[in-house]
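File shown here: protein39.csv, holding CSV, C-alpha atoms.
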```
chain,number,residue,atom,x,y,z
A,20,MET,CA,-26.0,-10.9,-92.6
A,21,GLY,CA,-24.6,-14.4,-92.8
A,22,ALA,CA,-21.4,-15.5,-91.1
A,23,LEU,CA,-18.2,-14.5,-92.9
A,24,ARG,CA,-14.7,-15.9,-92.7
A,25,TRP,CA,-12.4,-13.3,-91.3
A,26,PHE,CA,-8.6,-13.5,-91.4
A,27,ILE,CA,-6.8,-10.9,-89.1
A,28,TYR,CA,-3.1,-10.4,-89.8
A,29,ALA,CA,-1.6,-8.9,-86.6
A,30,LEU,CA,2.1,-9.6,-86.9
A,31,GLY,CA,4.3,-7.3,-84.7
A,32,GLY,CA,6.4,-7.7,-81.6
A,33,GLY,CA,4.5,-6.0,-78.8
A,34,MET,CA,1.2,-6.4,-76.9
A,35,GLY,CA,-0.4,-3.6,-79.0
A,36,HIS,CA,-1.1,-5.7,-82.1
A,37,LEU,CA,-2.0,-8.7,-80.0
A,38,THR,CA,-4.6,-7.0,-77.8
A,39,ARG,CA,-6.1,-4.6,-80.4
A,40,ALA,CA,-6.5,-7.5,-82.9
A,41,SER,CA,-7.9,-9.7,-80.2
A,42,ALA,CA,-10.5,-7.1,-79.4
A,43,LEU,CA,-11.7,-7.0,-83.1
A,44,ALA,CA,-11.6,-10.8,-83.4
A,45,ARG,CA,-13.7,-11.1,-80.2
A,46,ALA,CA,-16.3,-8.6,-81.4
A,47,ALA,CA,-16.5,-10.2,-84.8
A,48,ALA,CA,-17.0,-13.7,-83.3
A,49,ARG,CA,-19.8,-12.4,-81.1
A,50,GLN,CA,-21.6,-11.4,-84.3
A,51,GLY,CA,-21.4,-14.9,-85.5
A,52,HIS,CA,-18.3,-14.6,-87.8
A,53,SER,CA,-15.5,-17.2,-88.0
A,54,VAL,CA,-12.2,-15.6,-87.3
A,55,THR,CA,-8.6,-16.7,-87.8
A,56,LEU,CA,-6.1,-14.5,-85.9
A,57,LEU,CA,-2.5,-14.6,-86.9
A,58,ILE,CA,0.0,-13.3,-84.3
A,59,ASN,CA,3.7,-13.5,-83.6
A,60,SER,CA,4.2,-11.5,-80.4
A,61,PRO,CA,6.8,-13.0,-78.1
A,62,PHE,CA,4.2,-12.5,-75.3
A,63,ALA,CA,1.6,-14.7,-77.1
A,64,PRO,CA,2.7,-18.2,-75.8
A,65,GLY,CA,1.8,-17.3,-72.2
A,66,VAL,CA,-1.2,-15.2,-72.7
A,67,PRO,CA,-4.6,-17.0,-72.2
A,68,LEU,CA,-6.1,-15.9,-75.5
A,69,GLU,CA,-8.4,-18.8,-75.9
A,70,ALA,CA,-9.9,-18.3,-72.5
A,71,VAL,CA,-10.8,-14.7,-73.3
A,72,LEU,CA,-11.7,-14.9,-77.0
A,73,GLU,CA,-14.9,-16.5,-78.4
A,74,PRO,CA,-14.9,-20.2,-79.5
A,75,ARG,CA,-15.3,-19.0,-83.2
A,76,VAL,CA,-11.7,-17.5,-83.0
A,77,GLU,CA,-8.8,-19.7,-84.1
A,78,VAL,CA,-5.5,-18.3,-82.9
A,79,LEU,CA,-2.4,-19.1,-84.9
A,80,ARG,CA,0.8,-18.2,-83.1
A,81,LEU,CA,3.9,-17.8,-85.3
A,82,ASP,CA,7.5,-18.0,-84.0
A,83,PRO,CA,8.7,-14.4,-83.8
A,84,ALA,CA,12.1,-15.6,-85.0
A,85,LEU,CA,10.9,-16.6,-88.4
A,86,ASN,CA,12.6,-14.8,-91.3
A,87,LYS,CA,10.7,-12.9,-94.0
A,88,ARG,CA,10.6,-15.8,-96.5
A,89,ALA,CA,9.2,-18.2,-93.9
A,90,VAL,CA,6.6,-15.6,-92.8
A,91,ARG,CA,5.5,-15.1,-96.4
A,92,GLU,CA,5.1,-18.9,-96.9
A,93,VAL,CA,3.1,-19.2,-93.7
A,94,VAL,CA,0.8,-16.3,-94.6
A,95,GLU,CA,0.3,-17.6,-98.2
A,96,CYS,CA,-0.5,-21.1,-96.9
A,97,CYS,CA,-3.0,-19.7,-94.3
A,98,LEU,CA,-4.8,-17.6,-96.9
A,99,GLN,CA,-5.2,-20.6,-99.1
A,100,ASP,CA,-6.5,-22.7,-96.3
A,101,VAL,CA,-8.9,-20.2,-94.8
A,102,ARG,CA,-10.1,-18.5,-98.1
A,103,PRO,CA,-11.3,-15.5,-96.1
A,104,ASP,CA,-14.2,-13.3,-97.1
A,105,VAL,CA,-12.5,-10.4,-95.3
A,106,PHE,CA,-8.7,-9.9,-94.8
A,107,ILE,CA,-7.8,-7.4,-92.0
A,108,VAL,CA,-4.2,-6.1,-91.5
A,109,ASP,CA,-3.2,-4.3,-88.4
A,110,THR,CA,-0.9,-1.3,-88.9
A,111,PHE,CA,1.5,-2.4,-91.7
A,112,PRO,CA,-0.2,-2.3,-95.1
A,113,ARG,CA,2.7,-4.0,-96.9
A,114,GLY,CA,3.0,-6.7,-94.1
A,115,LEU,CA,5.6,-6.8,-91.5
A,116,GLY,CA,8.3,-7.8,-94.0
A,117,GLY,CA,6.7,-6.5,-97.2
A,118,GLU,CA,5.3,-9.9,-98.0
A,119,LEU,CA,1.7,-8.7,-98.6
A,120,VAL,CA,2.7,-6.6,-101.6
A,121,SER,CA,2.6,-9.6,-103.9
A,122,LEU,CA,-0.2,-11.4,-102.1
A,123,LEU,CA,-2.9,-8.8,-102.0
A,124,PRO,CA,-3.6,-8.4,-105.7
A,125,GLY,CA,-4.5,-12.1,-106.0
A,126,LEU,CA,-6.7,-12.1,-102.9
A,127,ARG,CA,-10.4,-12.1,-103.6
A,128,ALA,CA,-11.4,-11.1,-100.1
A,129,ARG,CA,-12.4,-7.5,-99.1
A,130,LYS,CA,-9.3,-5.9,-97.6
A,131,VAL,CA,-9.2,-3.7,-94.5
A,132,LEU,CA,-6.3,-1.9,-92.9
A,133,VAL,CA,-6.3,-0.9,-89.2
A,134,HIS,CA,-4.5,2.4,-89.5
A,135,ARG,CA,-3.0,4.0,-86.4
A,136,ASP,CA,-0.2,6.5,-85.8
A,137,LEU,CA,3.1,5.6,-87.5
A,138,ASN,CA,6.5,7.1,-87.5
A,139,PRO,CA,6.7,9.5,-90.6
A,140,ALA,CA,10.1,8.0,-91.6
A,141,TYR,CA,8.4,4.6,-92.0
A,142,VAL,CA,5.5,6.2,-93.9
A,143,GLU,CA,7.8,7.9,-96.3
A,144,ARG,CA,10.4,5.1,-96.7
A,145,PHE,CA,7.8,2.4,-97.6
A,146,ASP,CA,5.4,4.7,-99.5
A,147,VAL,CA,2.5,3.9,-97.2
A,148,ALA,CA,0.3,6.4,-99.0
A,149,ARG,CA,0.5,4.2,-102.1
A,150,ALA,CA,0.3,0.9,-100.2
A,151,VAL,CA,-3.1,1.7,-98.6
A,152,ASP,CA,-4.6,1.9,-102.1
A,153,ALA,CA,-4.8,-1.9,-102.0
A,154,TYR,CA,-7.4,-1.7,-99.2
A,155,ASP,CA,-11.1,-1.2,-99.5
A,156,LEU,CA,-11.4,0.3,-96.0
A,157,LEU,CA,-9.1,2.0,-93.6
A,158,LEU,CA,-10.2,1.9,-89.9
A,159,VAL,CA,-8.7,4.5,-87.7
A,160,PRO,CA,-9.3,3.3,-84.1
A,161,GLY,CA,-9.4,6.2,-81.8
A,162,GLU,CA,-6.3,8.3,-82.6
A,163,ASP,CA,-5.0,10.3,-85.4
A,164,ALA,CA,-3.0,8.6,-88.1
A,165,PRO,CA,-1.0,9.8,-91.2
A,166,LEU,CA,-3.7,8.9,-93.7
A,167,ALA,CA,-6.8,9.5,-91.6
A,168,GLY,CA,-8.0,11.9,-94.3
A,169,HIS,CA,-8.0,9.2,-96.9
A,170,PRO,CA,-11.4,8.9,-98.7
A,171,ARG,CA,-11.8,5.3,-97.6
A,172,ALA,CA,-10.7,6.0,-94.0
A,173,VAL,CA,-13.3,5.9,-91.1
A,174,ARG,CA,-12.6,6.8,-87.5
A,175,THR,CA,-14.0,4.8,-84.6
A,176,SER,CA,-13.7,5.1,-80.8
A,177,PRO,CA,-10.6,3.3,-79.4
A,178,TRP,CA,-10.8,-0.5,-79.5
A,179,LEU,CA,-10.8,-2.2,-76.1
A,180,LEU,CA,-10.8,-5.9,-75.5
A,181,LEU,CA,-13.6,-5.9,-72.8
A,182,GLU,CA,-16.8,-3.9,-72.6
A,183,ALA,CA,-17.4,-1.9,-69.5
A,184,ALA,CA,-19.9,-4.4,-68.1
A,185,GLU,CA,-17.3,-7.1,-68.2
A,186,LEU,CA,-14.8,-5.4,-65.9
A,187,LEU,CA,-14.6,-6.7,-62.3
A,188,PRO,CA,-16.4,-4.7,-59.7
A,189,ARG,CA,-13.9,-2.7,-57.5
A,190,ALA,CA,-14.0,-5.1,-54.5
A,191,GLU,CA,-13.4,-8.2,-56.8
A,192,ALA,CA,-10.7,-6.4,-58.7
A,193,ARG,CA,-8.8,-5.5,-55.5
A,194,ALA,CA,-9.1,-9.1,-54.3
A,195,ARG,CA,-7.7,-10.2,-57.7
A,196,LEU,CA,-4.8,-7.9,-57.0
A,197,GLY,CA,-4.2,-9.5,-53.6
A,198,VAL,CA,-5.6,-6.7,-51.5
A,199,ALA,CA,-7.4,-8.0,-48.4
A,200,ALA,CA,-11.1,-7.1,-47.7
A,201,GLY,CA,-11.3,-4.1,-45.5
A,202,ASP,CA,-7.9,-2.7,-46.6
A,203,ALA,CA,-8.7,0.8,-47.9
A,204,ARG,CA,-5.2,1.8,-48.9
A,205,PRO,CA,-4.8,2.9,-52.5
A,206,VAL,CA,-3.5,0.4,-55.1
A,207,VAL,CA,-0.7,1.6,-57.3
A,208,ALA,CA,-0.3,-0.8,-60.3
A,209,VAL,CA,2.8,-0.8,-62.5
A,210,MET,CA,2.1,-2.1,-65.9
A,211,GLY,CA,4.8,-4.6,-67.0
A,212,CYS,CA,4.5,-4.3,-70.8
A,213,GLY,CA,6.6,-3.4,-73.8
A,214,THR,CA,9.9,-5.2,-74.4
A,215,HIS,CA,11.2,-8.0,-72.1
A,216,SER,CA,13.7,-5.5,-70.6
A,217,GLU,CA,10.9,-3.0,-70.0
A,218,VAL,CA,8.9,-5.7,-68.2
A,219,ASP,CA,11.9,-6.3,-65.9
A,220,GLU,CA,12.3,-2.5,-65.4
A,221,ALA,CA,8.7,-2.2,-64.4
A,222,GLY,CA,9.3,-4.8,-61.7
A,223,GLU,CA,12.3,-2.8,-60.4
A,224,LEU,CA,10.1,0.3,-60.5
A,225,SER,CA,7.4,-1.4,-58.4
A,226,THR,CA,10.0,-2.4,-55.9
A,227,ARG,CA,11.2,1.3,-55.6
A,228,LEU,CA,7.6,2.5,-55.3
A,229,HIS,CA,7.0,0.0,-52.5
A,230,ALA,CA,10.0,1.3,-50.7
A,231,LEU,CA,9.0,4.9,-51.1
A,232,LEU,CA,5.3,4.4,-50.1
A,233,GLY,CA,5.8,1.8,-47.4
A,234,GLU,CA,2.4,1.0,-45.8
A,235,ALA,CA,0.7,4.0,-47.3
A,236,ALA,CA,-0.3,2.1,-50.4
A,237,ARG,CA,-0.4,-1.4,-52.0
A,238,VAL,CA,2.0,-1.6,-55.0
A,239,ARG,CA,1.4,-4.3,-57.6
A,240,TRP,CA,3.4,-5.2,-60.7
A,241,LEU,CA,1.0,-6.4,-63.5
A,242,VAL,CA,2.6,-8.8,-66.0
A,243,PRO,CA,1.1,-10.9,-68.8
A,244,PRO,CA,1.0,-14.6,-67.7
A,245,GLY,CA,4.2,-16.4,-68.5
A,246,GLN,CA,6.4,-13.3,-68.3
A,247,ALA,CA,7.3,-13.3,-64.6
A,248,THR,CA,11.0,-12.5,-64.3
A,249,ALA,CA,13.5,-12.0,-61.5
A,250,LEU,CA,12.6,-9.9,-58.5
A,251,PRO,CA,14.0,-10.5,-55.0
A,252,ALA,CA,12.0,-13.1,-53.0
A,253,ALA,CA,10.7,-10.4,-50.6
A,254,ALA,CA,9.2,-8.5,-53.6
A,255,GLU,CA,7.3,-11.5,-55.0
A,256,PRO,CA,3.9,-10.6,-53.4
A,257,LEU,CA,4.0,-7.5,-55.6
A,258,HIS,CA,3.9,-9.5,-58.8
A,259,VAL,CA,0.4,-10.2,-60.3
A,260,PRO,CA,0.1,-12.2,-63.5
A,261,VAL,CA,-2.9,-10.9,-65.3
A,262,TRP,CA,-4.3,-10.4,-68.8
A,263,PRO,CA,-6.2,-8.5,-69.8
A,264,ALA,CA,-5.2,-5.9,-67.2
A,265,LEU,CA,-8.2,-3.9,-68.2
A,266,ALA,CA,-10.4,-6.3,-66.2
A,267,VAL,CA,-8.8,-5.2,-62.9
A,268,LEU,CA,-8.5,-1.4,-63.5
A,269,PRO,CA,-11.6,-0.6,-61.4
A,270,GLY,CA,-9.5,-1.7,-58.4
A,271,VAL,CA,-6.5,0.4,-59.3
A,272,ASP,CA,-6.1,4.0,-57.9
A,273,VAL,CA,-2.9,4.9,-59.8
A,274,LEU,CA,-1.6,3.3,-63.0
A,275,VAL,CA,2.1,3.6,-63.9
A,276,GLY,CA,3.2,2.5,-67.4
A,277,ALA,CA,4.2,3.6,-70.9
A,278,GLY,CA,2.5,5.3,-73.7
A,279,GLY,CA,1.3,2.3,-75.6
A,280,TYR,CA,-2.0,2.2,-77.4
A,281,ASN,CA,-3.8,-0.2,-75.0
A,282,THR,CA,-2.5,1.1,-71.7
A,283,VAL,CA,-3.3,4.7,-72.5
A,284,ASN,CA,-6.8,4.0,-73.9
A,285,GLU,CA,-7.7,1.6,-71.1
A,286,ALA,CA,-6.6,4.1,-68.4
A,287,ARG,CA,-8.7,6.9,-70.0
A,288,ALA,CA,-11.7,4.7,-70.6
A,289,THR,CA,-11.9,3.7,-66.9
A,290,GLY,CA,-10.9,7.1,-65.5
A,291,THR,CA,-7.8,5.6,-63.9
A,292,PRO,CA,-5.2,8.3,-62.8
A,293,PHE,CA,-2.2,7.5,-65.0
A,294,VAL,CA,1.4,8.5,-65.4
A,295,ALA,CA,3.8,7.2,-68.0
A,296,LEU,CA,7.1,7.3,-69.8
A,297,ALA,CA,7.1,7.6,-73.6
A,298,ARG,CA,9.1,4.6,-74.7
A,299,PRO,CA,11.2,4.7,-77.9
A,300,ARG,CA,9.6,2.6,-80.7
A,301,LEU,CA,10.6,1.9,-84.3
A,302,TYR,CA,7.1,2.7,-85.6
A,303,ASP,CA,5.0,4.1,-82.7
A,304,ARG,CA,5.3,7.6,-81.3
A,305,GLN,CA,4.2,7.3,-77.7
A,306,ALA,CA,4.9,10.9,-76.7
A,307,LEU,CA,2.2,12.1,-79.1
A,308,ARG,CA,-0.3,9.8,-77.5
A,309,LEU,CA,0.3,11.0,-73.9
A,310,ARG,CA,-1.2,14.2,-72.5
A,311,ALA,CA,1.1,16.6,-70.6
A,312,GLU,CA,-0.3,15.6,-67.2
A,313,GLU,CA,0.3,12.0,-68.0
A,314,LEU,CA,3.8,12.3,-69.3
A,315,ALA,CA,6.9,11.9,-67.1
A,316,SER,CA,10.3,13.1,-68.6
A,317,SER,CA,12.4,10.5,-66.7
A,318,MET,CA,12.2,7.5,-64.4
A,319,GLU,CA,12.8,9.8,-61.4
A,320,ALA,CA,10.0,12.1,-62.5
A,321,LEU,CA,7.8,9.1,-63.0
A,322,LEU,CA,8.4,7.9,-59.5
A,323,GLU,CA,7.7,11.4,-58.1
A,324,LYS,CA,4.4,11.8,-60.0
A,325,ALA,CA,3.3,8.3,-59.0
A,326,VAL,CA,4.1,8.9,-55.3
A,327,LEU,CA,2.2,12.2,-55.2
A,328,LEU,CA,-0.8,10.6,-56.9
A,329,ALA,CA,-0.7,7.6,-54.5
A,330,ARG,CA,-0.6,9.9,-51.4
A,331,ARG,CA,-3.6,11.9,-52.6
A,332,PRO,CA,-5.5,9.8,-55.1
A,333,PRO,CA,-7.9,11.8,-57.3
A,334,ALA,CA,-11.6,11.0,-56.8
A,335,ARG,CA,-12.9,8.7,-59.5
A,336,GLY,CA,-16.4,9.4,-60.6
A,337,PRO,CA,-18.7,7.0,-62.5
A,338,TRP,CA,-17.3,6.0,-65.9
A,339,ARG,CA,-18.8,4.4,-68.9
A,340,TYR,CA,-17.3,3.5,-72.3
A,341,ALA,CA,-18.1,1.6,-75.4
A,342,SER,CA,-15.4,-0.1,-77.4
A,343,GLY,CA,-15.1,1.0,-81.0
A,344,THR,CA,-14.9,-2.6,-82.1
A,345,GLY,CA,-18.6,-2.8,-82.5
A,346,ASP,CA,-18.7,0.0,-85.0
A,347,ALA,CA,-15.6,-1.5,-86.7
A,348,VAL,CA,-17.4,-4.8,-87.2
A,349,ALA,CA,-20.5,-3.1,-88.6
A,350,LEU,CA,-18.4,-1.1,-91.0
A,351,ILE,CA,-16.7,-4.3,-92.2
A,352,GLU,CA,-20.0,-6.1,-92.6
A,353,ARG,CA,-21.4,-3.2,-94.6
A,354,LEU,CA,-18.3,-3.3,-96.8
A,355,ARG,CA,-18.9,-6.9,-97.6
A,356,LEU,CA,-22.5,-6.2,-98.4
A,357,SER,CA,-21.4,-3.7,-101.0
A,358,ALA,CA,-19.1,-6.1,-102.7
```
Show the structure stored in the file as structure tokens.
Amino acid sequence: MGALRWFIYALGGGMGHLTRASALARAAARQGHSVTLLINSPFAPGVPLEAVLEPRVEVLRLDPALNKRAVREVVECCLQDVRPDVFIVDTFPRGLGGELVSLLPGLRARKVLVHRDLNPAYVERFDVARAVDAYDLLLVPGEDAPLAGHPRAVRTSPWLLLEAAELLPRAEARARLGVAAGDARPVVAVMGCGTHSEVDEAGELSTRLHALLGEAARVRWLVPPGQATALPAAAEPLHVPVWPALAVLPGVDVLVGAGGYNTVNEARATGTPFVALARPRLYDRQALRLRAEELASSMEALLEKAVLLARRPPARGPWRYASGTGDAVALIERLRLSA
């Protein structure tokens, strides 16, 4: 089919929207489509999106401090400029501040909602069941969701930013993580993600793991570029600015993090042994995403599980995965053809 103009609305504070929407944008651009990606994550300024995304993707970064009225004005202006054939909204059918309710009826583009798990209180308060009726297609990317049984909902595999063949080989990944050639000790990577305070807490956690494990393992604190924060000078070698972290997971023997969409699906796709805390979120329910063997009930339990795994890392067999973004792009193209 011919190239289409895609507009992806991915407003939301964390890395979840940013990475998931980037994965879809990248897959669409690889099929020849022109994509405008609208984001407002506070992590966005430091993340090298343009270096990872295709040239056909234009990234628009909004100030996360903008109020509802300002956001609506920006979104309306962008839609008028882009005049998209397809409008994709990640997670919030009414828009982050409800601004899409009045904009969607006048939009001639085909409308697609990326529908993942949501807090039931949000679903009920904002009548999400009615709001999704404005969309021609609901894509459910790899996990259950409140309206996954909707007649226009279609499930796909989880969406990952990189395909399996794009990940670094183990030796290169370990080198990227600062592990010397010939050093066979396991790598324990602590994912610095979530809120800014949680990124800092991950740094403190990596320092504690380093003290507990000593020379038995190499501990690394993975942080999106531009988000490095205060650790003691002696701990600085533990800090590795990297995005997407998925690229280096073949070099990681134990991953420690939270129950966010990307971290969980990336760990499982690559077969990386993984332990996590379920972080509190306004919309997301991380505890439901985590399996019993992955979930730690407290920071101390997380440390204990991570140390046990690091001292006896499980064998990692060959793994292979395909991101669900390819299927998502095909479904959206088919939707356009039926217009």
Item to complete: Work out how far atom CA of A:Asn284 is from atom CA of A:Leu30, in Å to one decimal.
Response: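 These atoms are spaced 20.8 Å apart.
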Fill in: Residues within 7 Å of (6.5, -12.0, -85.0), counting all atoms listed in the file, listed as a list in words
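Applying the cut-off with all atoms listed in the file, one gets Leu30, Gly31, Gly32, Ile58, Asn59, Ser60, Pro61, Leu81, Asp82, Pro83 and Ala84 of chain A.
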Worksheet item: Could you list as an MDAnalysis selection string every residue that has an atom within 9 Å of (1.9, 7.0, -81.3), using the file's coordinates and counting all atoms listed in the file?
Response: chainID A and resid 135:138 162:164 278:280 300 302:309
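One distance worth recording is that between atom CA of A:His52 and atom CA of A:Ala22, which is 4.6 Å.
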Discussion item. For a test of reading the model, state the distance in Å between atom CA of A:Phe145 and atom CA of A:Leu56, rounded to one decimal.
Written reply: 24.8 Å
Discussion item. Could you check the closest approach to A:Gly114 for each of A:Leu166, A:Ala29, A:Val207, A:Ala295 and tell me which residue wins, using all atoms listed in the file?
Written reply: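 Ranked by minimum distance to A:Gly114, first place goes to A:Ala29.
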Discussion item. With distances taken over all atoms listed in the file, which residue among A:Arg24, A:Arg91, A:Arg353, A:Arg331 lies nearest A:Ala128?
Written reply: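 Checking each candidate against A:Ala128, we get A:Arg24 as the closest.
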Worksheet entry | Residue nearest A:Asp272 among A:Glu220, A:Pro205, A:Arg287, A:Pro139 (counting all atoms listed in the file) | A:Pro205
